[in-house]
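Peer 1: Mind looking over this structure? Questions follow.
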Amino acid sequence: MVTPAQVSIHEGSEQIRCLRLSPKGLFRWYAGCCNTPLGNTLGARLPVLIVVHSWMDHAAAGHSREQDLGQPKLRMHARFAKGGVPPGAHPRVPPSAIPSTLAFFARGLLGGRAQPSPFFDAAGQPRSQPVLIEQAAREALRARVLAAVGAPSTR
């Protein structure tokens, strides 16, 4: 997690796209040119960006992930993530992580760290109109992906 003000996109910002799984759900940002996930936000006024870092090539720059992003404070397991569960990953937010998460939100709100944002303009509007993916379309897509990788259905 970082604040949107900590992130800048130097090239390709015109390719940023957004989708939502429900009208009030997360804003899920990705690169429209290659469908690479970038991160998730809760909204324009909330100072949190959940960065998807698996696409970042730290080694090409001669760095480790920790050098570029810092030490992870919490590893979460996404229910439909590819590959195995990372060592030490939690299926849900552990109660011990709640105080530091609330402190992060408070520092971001008090410090005005929701802006500038690469995803929302100063008026709070998404830079790309979110596409709403209805539940039936999500389930059909999930079934196609699972069939393509030969994985058993989880439902």
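Following the order of the structure tokens, chains are lettered A, B, ..., residues in each are numbered from 1, and ligands are numbered from 1.
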Give me, as a list in words, all polymer residues having an atom no more than 12 Å from Gly70 of chain A, counting only C-alpha atoms and skipping those fewer than 4 positions away in the same chain.

Peer 2: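 The contact residues come out as Met1, Val2, His53, His63, Ser64, Arg65, Glu66 and Leu74 of chain A.
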
Peer 1: Filtering to C-alpha atoms, could you give me those residues as a JSON list (two decimals), in the first residue's frame?

Peer 2:
[["chain", "number", "residue", "atom", "x", "y", "z"],
["A", 1, "MET", "CA", 0.00, 0.00, 0.00],
["A", 2, "VAL", "CA", 1.15, 3.47, -0.88],
["A", 53, "HIS", "CA", 3.96, -5.32, -8.11],
["A", 63, "HIS", "CA", 17.62, -3.85, -7.73],
["A", 64, "SER", "CA", 15.66, -6.15, -5.51],
["A", 65, "ARG", "CA", 11.93, -5.66, -4.90],
["A", 66, "GLU", "CA", 12.75, -4.60, -1.34],
["A", 74, "LEU", "CA", 1.93, -7.84, 5.21]]

Peer 1: Write out as JSON, numbers by chain each polymer residue whose atoms come within 10 Å of Lys24 of chain A, counting only C-alpha atoms; drop sequence neighbours fewer than 6 positions from it.

Peer 2: {"A": [42, 43, 132]}

Peer 1: Once DSSP has gone over the backbone, tell me which residues of segment 16-150 of chain A are in strand (DSSP E), as a VMD selection string.

Peer 2: chain A and resid 16 to 20 27 to 31 36 to 41 49 to 51 131 to 132

Peer 1: Go ahead and save the residues from that selection, with N, CA and C atoms, as a short mmCIF file (atom, residue, chain, number, x, y, z; two decimals), in the first residue's frame.

Peer 2:
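So result14.cif came out as:
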data_model
loop_
_atom_site.label_atom_id
_atom_site.label_comp_id
_atom_site.auth_asym_id
_atom_site.auth_seq_id
_atom_site.Cartn_x
_atom_site.Cartn_y
_atom_site.Cartn_z
N ILE A 16 -3.83 4.17 -19.38
CA ILE A 16 -4.45 3.75 -18.12
C ILE A 16 -5.94 3.54 -18.31
N ARG A 17 -6.41 2.38 -17.88
CA ARG A 17 -7.83 2.02 -17.96
C ARG A 17 -8.28 1.56 -16.58
N CYS A 18 -9.60 1.48 -16.42
CA CYS A 18 -10.17 1.13 -15.12
C CYS A 18 -11.36 0.21 -15.30
N LEU A 19 -11.51 -0.71 -14.36
CA LEU A 19 -12.71 -1.53 -14.31
C LEU A 19 -13.15 -1.67 -12.87
N ARG A 20 -14.42 -1.99 -12.70
CA ARG A 20 -14.99 -2.22 -11.37
C ARG A 20 -15.84 -3.48 -11.45
N PHE A 27 -11.71 0.46 -7.58
CA PHE A 27 -11.29 0.87 -8.92
C PHE A 27 -10.05 0.03 -9.21
N ARG A 28 -10.11 -0.77 -10.25
CA ARG A 28 -9.01 -1.66 -10.60
C ARG A 28 -8.35 -1.10 -11.86
N TRP A 29 -7.14 -0.59 -11.70
CA TRP A 29 -6.44 0.12 -12.77
C TRP A 29 -5.49 -0.82 -13.50
N TYR A 30 -5.42 -0.66 -14.82
CA TYR A 30 -4.54 -1.51 -15.63
C TYR A 30 -4.10 -0.75 -16.87
N ALA A 31 -3.07 -1.27 -17.54
CA ALA A 31 -2.59 -0.69 -18.80
C ALA A 31 -3.43 -1.26 -19.93
N THR A 36 -1.90 -5.17 -18.28
CA THR A 36 -1.11 -5.35 -17.07
C THR A 36 -1.78 -4.63 -15.91
N PRO A 37 -2.07 -5.33 -14.81
CA PRO A 37 -2.67 -4.66 -13.65
C PRO A 37 -1.66 -3.72 -13.00
N LEU A 38 -2.14 -2.52 -12.63
CA LEU A 38 -1.28 -1.53 -12.00
C LEU A 38 -1.54 -1.41 -10.50
N GLY A 39 -2.81 -1.35 -10.13
CA GLY A 39 -3.14 -1.22 -8.72
C GLY A 39 -4.63 -1.00 -8.53
N ASN A 40 -5.03 -0.97 -7.28
CA ASN A 40 -6.43 -0.79 -6.91
C ASN A 40 -6.55 0.40 -5.98
N THR A 41 -7.62 1.18 -6.17
CA THR A 41 -7.92 2.29 -5.28
C THR A 41 -9.34 2.14 -4.77
N LEU A 49 -3.39 3.37 -2.37
CA LEU A 49 -3.24 2.65 -3.63
C LEU A 49 -2.62 1.30 -3.29
N ILE A 50 -3.32 0.25 -3.63
CA ILE A 50 -2.81 -1.10 -3.43
C ILE A 50 -2.09 -1.47 -4.72
N VAL A 51 -0.78 -1.47 -4.67
CA VAL A 51 0.04 -1.65 -5.86
C VAL A 51 0.16 -3.14 -6.20
N VAL A 131 -15.11 0.68 -16.46
CA VAL A 131 -16.01 -0.27 -17.10
C VAL A 131 -16.52 -1.19 -16.00
N LEU A 132 -17.82 -1.35 -15.91
CA LEU A 132 -18.42 -2.22 -14.91
C LEU A 132 -18.53 -3.63 -15.47
#

Peer 1: Would you list the contacts of Gly112 of chain A as a PDB file with C-alpha atoms, in the first residue's frame, taking every protein, DNA or RNA residue within 12 Å and counting only C-alpha atoms, but skipping same-chain residues closer than 2 positions in sequence?

Peer 2:
ATOM      1  CA  THR A   3      -0.581   6.810  -1.223  1.00  0.00           C
ATOM      2  CA  PRO A   4      -1.505   7.931  -4.757  1.00  0.00           C
ATOM      3  CA  ALA A   5       0.726  10.988  -4.278  1.00  0.00           C
ATOM      4  CA  GLN A   6       3.737   8.656  -4.001  1.00  0.00           C
ATOM      5  CA  ALA A  44     -10.497   9.587  -5.311  1.00  0.00           C
ATOM      6  CA  ARG A  45     -10.568  11.017  -1.789  1.00  0.00           C
ATOM      7  CA  LEU A  46      -9.026   8.051   0.021  1.00  0.00           C
ATOM      8  CA  PRO A  47      -5.221   8.130   0.188  1.00  0.00           C
ATOM      9  CA  VAL A  48      -4.498   4.493  -0.573  1.00  0.00           C
ATOM     10  CA  PHE A 105      -5.018   5.984   6.398  1.00  0.00           C
ATOM     11  CA  ALA A 106      -4.939   8.743   9.024  1.00  0.00           C
ATOM     12  CA  ARG A 107      -1.501  10.015   7.956  1.00  0.00           C
ATOM     13  CA  GLY A 108      -2.627  10.008   4.338  1.00  0.00           C
ATOM     14  CA  LEU A 109      -5.887  11.836   5.046  1.00  0.00           C
ATOM     15  CA  LEU A 110      -4.274  14.441   7.314  1.00  0.00           C
ATOM     16  CA  ALA A 114      -4.785  11.328  -2.123  1.00  0.00           C
ATOM     17  CA  GLN A 115      -3.636  13.954  -4.652  1.00  0.00           C
ATOM     18  CA  PRO A 116      -1.896  14.281  -6.970  1.00  0.00           C
ATOM     19  CA  SER A 117      -2.989  10.929  -8.334  1.00  0.00           C
ATOM     20  CA  ALA A 122      -7.934  17.131  -9.093  1.00  0.00           C
TER      21      ALA A 122
END

Peer 1: Show which residues sit within 10 Å of Glu134 of chain A, as a list in words. Count only C-alpha atoms, and ignore same-chain residues fewer than 3 positions away.

Peer 2: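 With the cut-off at 10 Å, the set is Arg20, Leu21, Ser22, Pro23, Val131, Ala137, Arg138 and Glu139 of chain A.
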
Peer 1: Can you list, as number ranges by chain, all residues belonging to segment 13-88 of chain A that DSSP tags as helix (DSSP H, G or I)?

Peer 2: A: 13-15, 59-61, 65-69
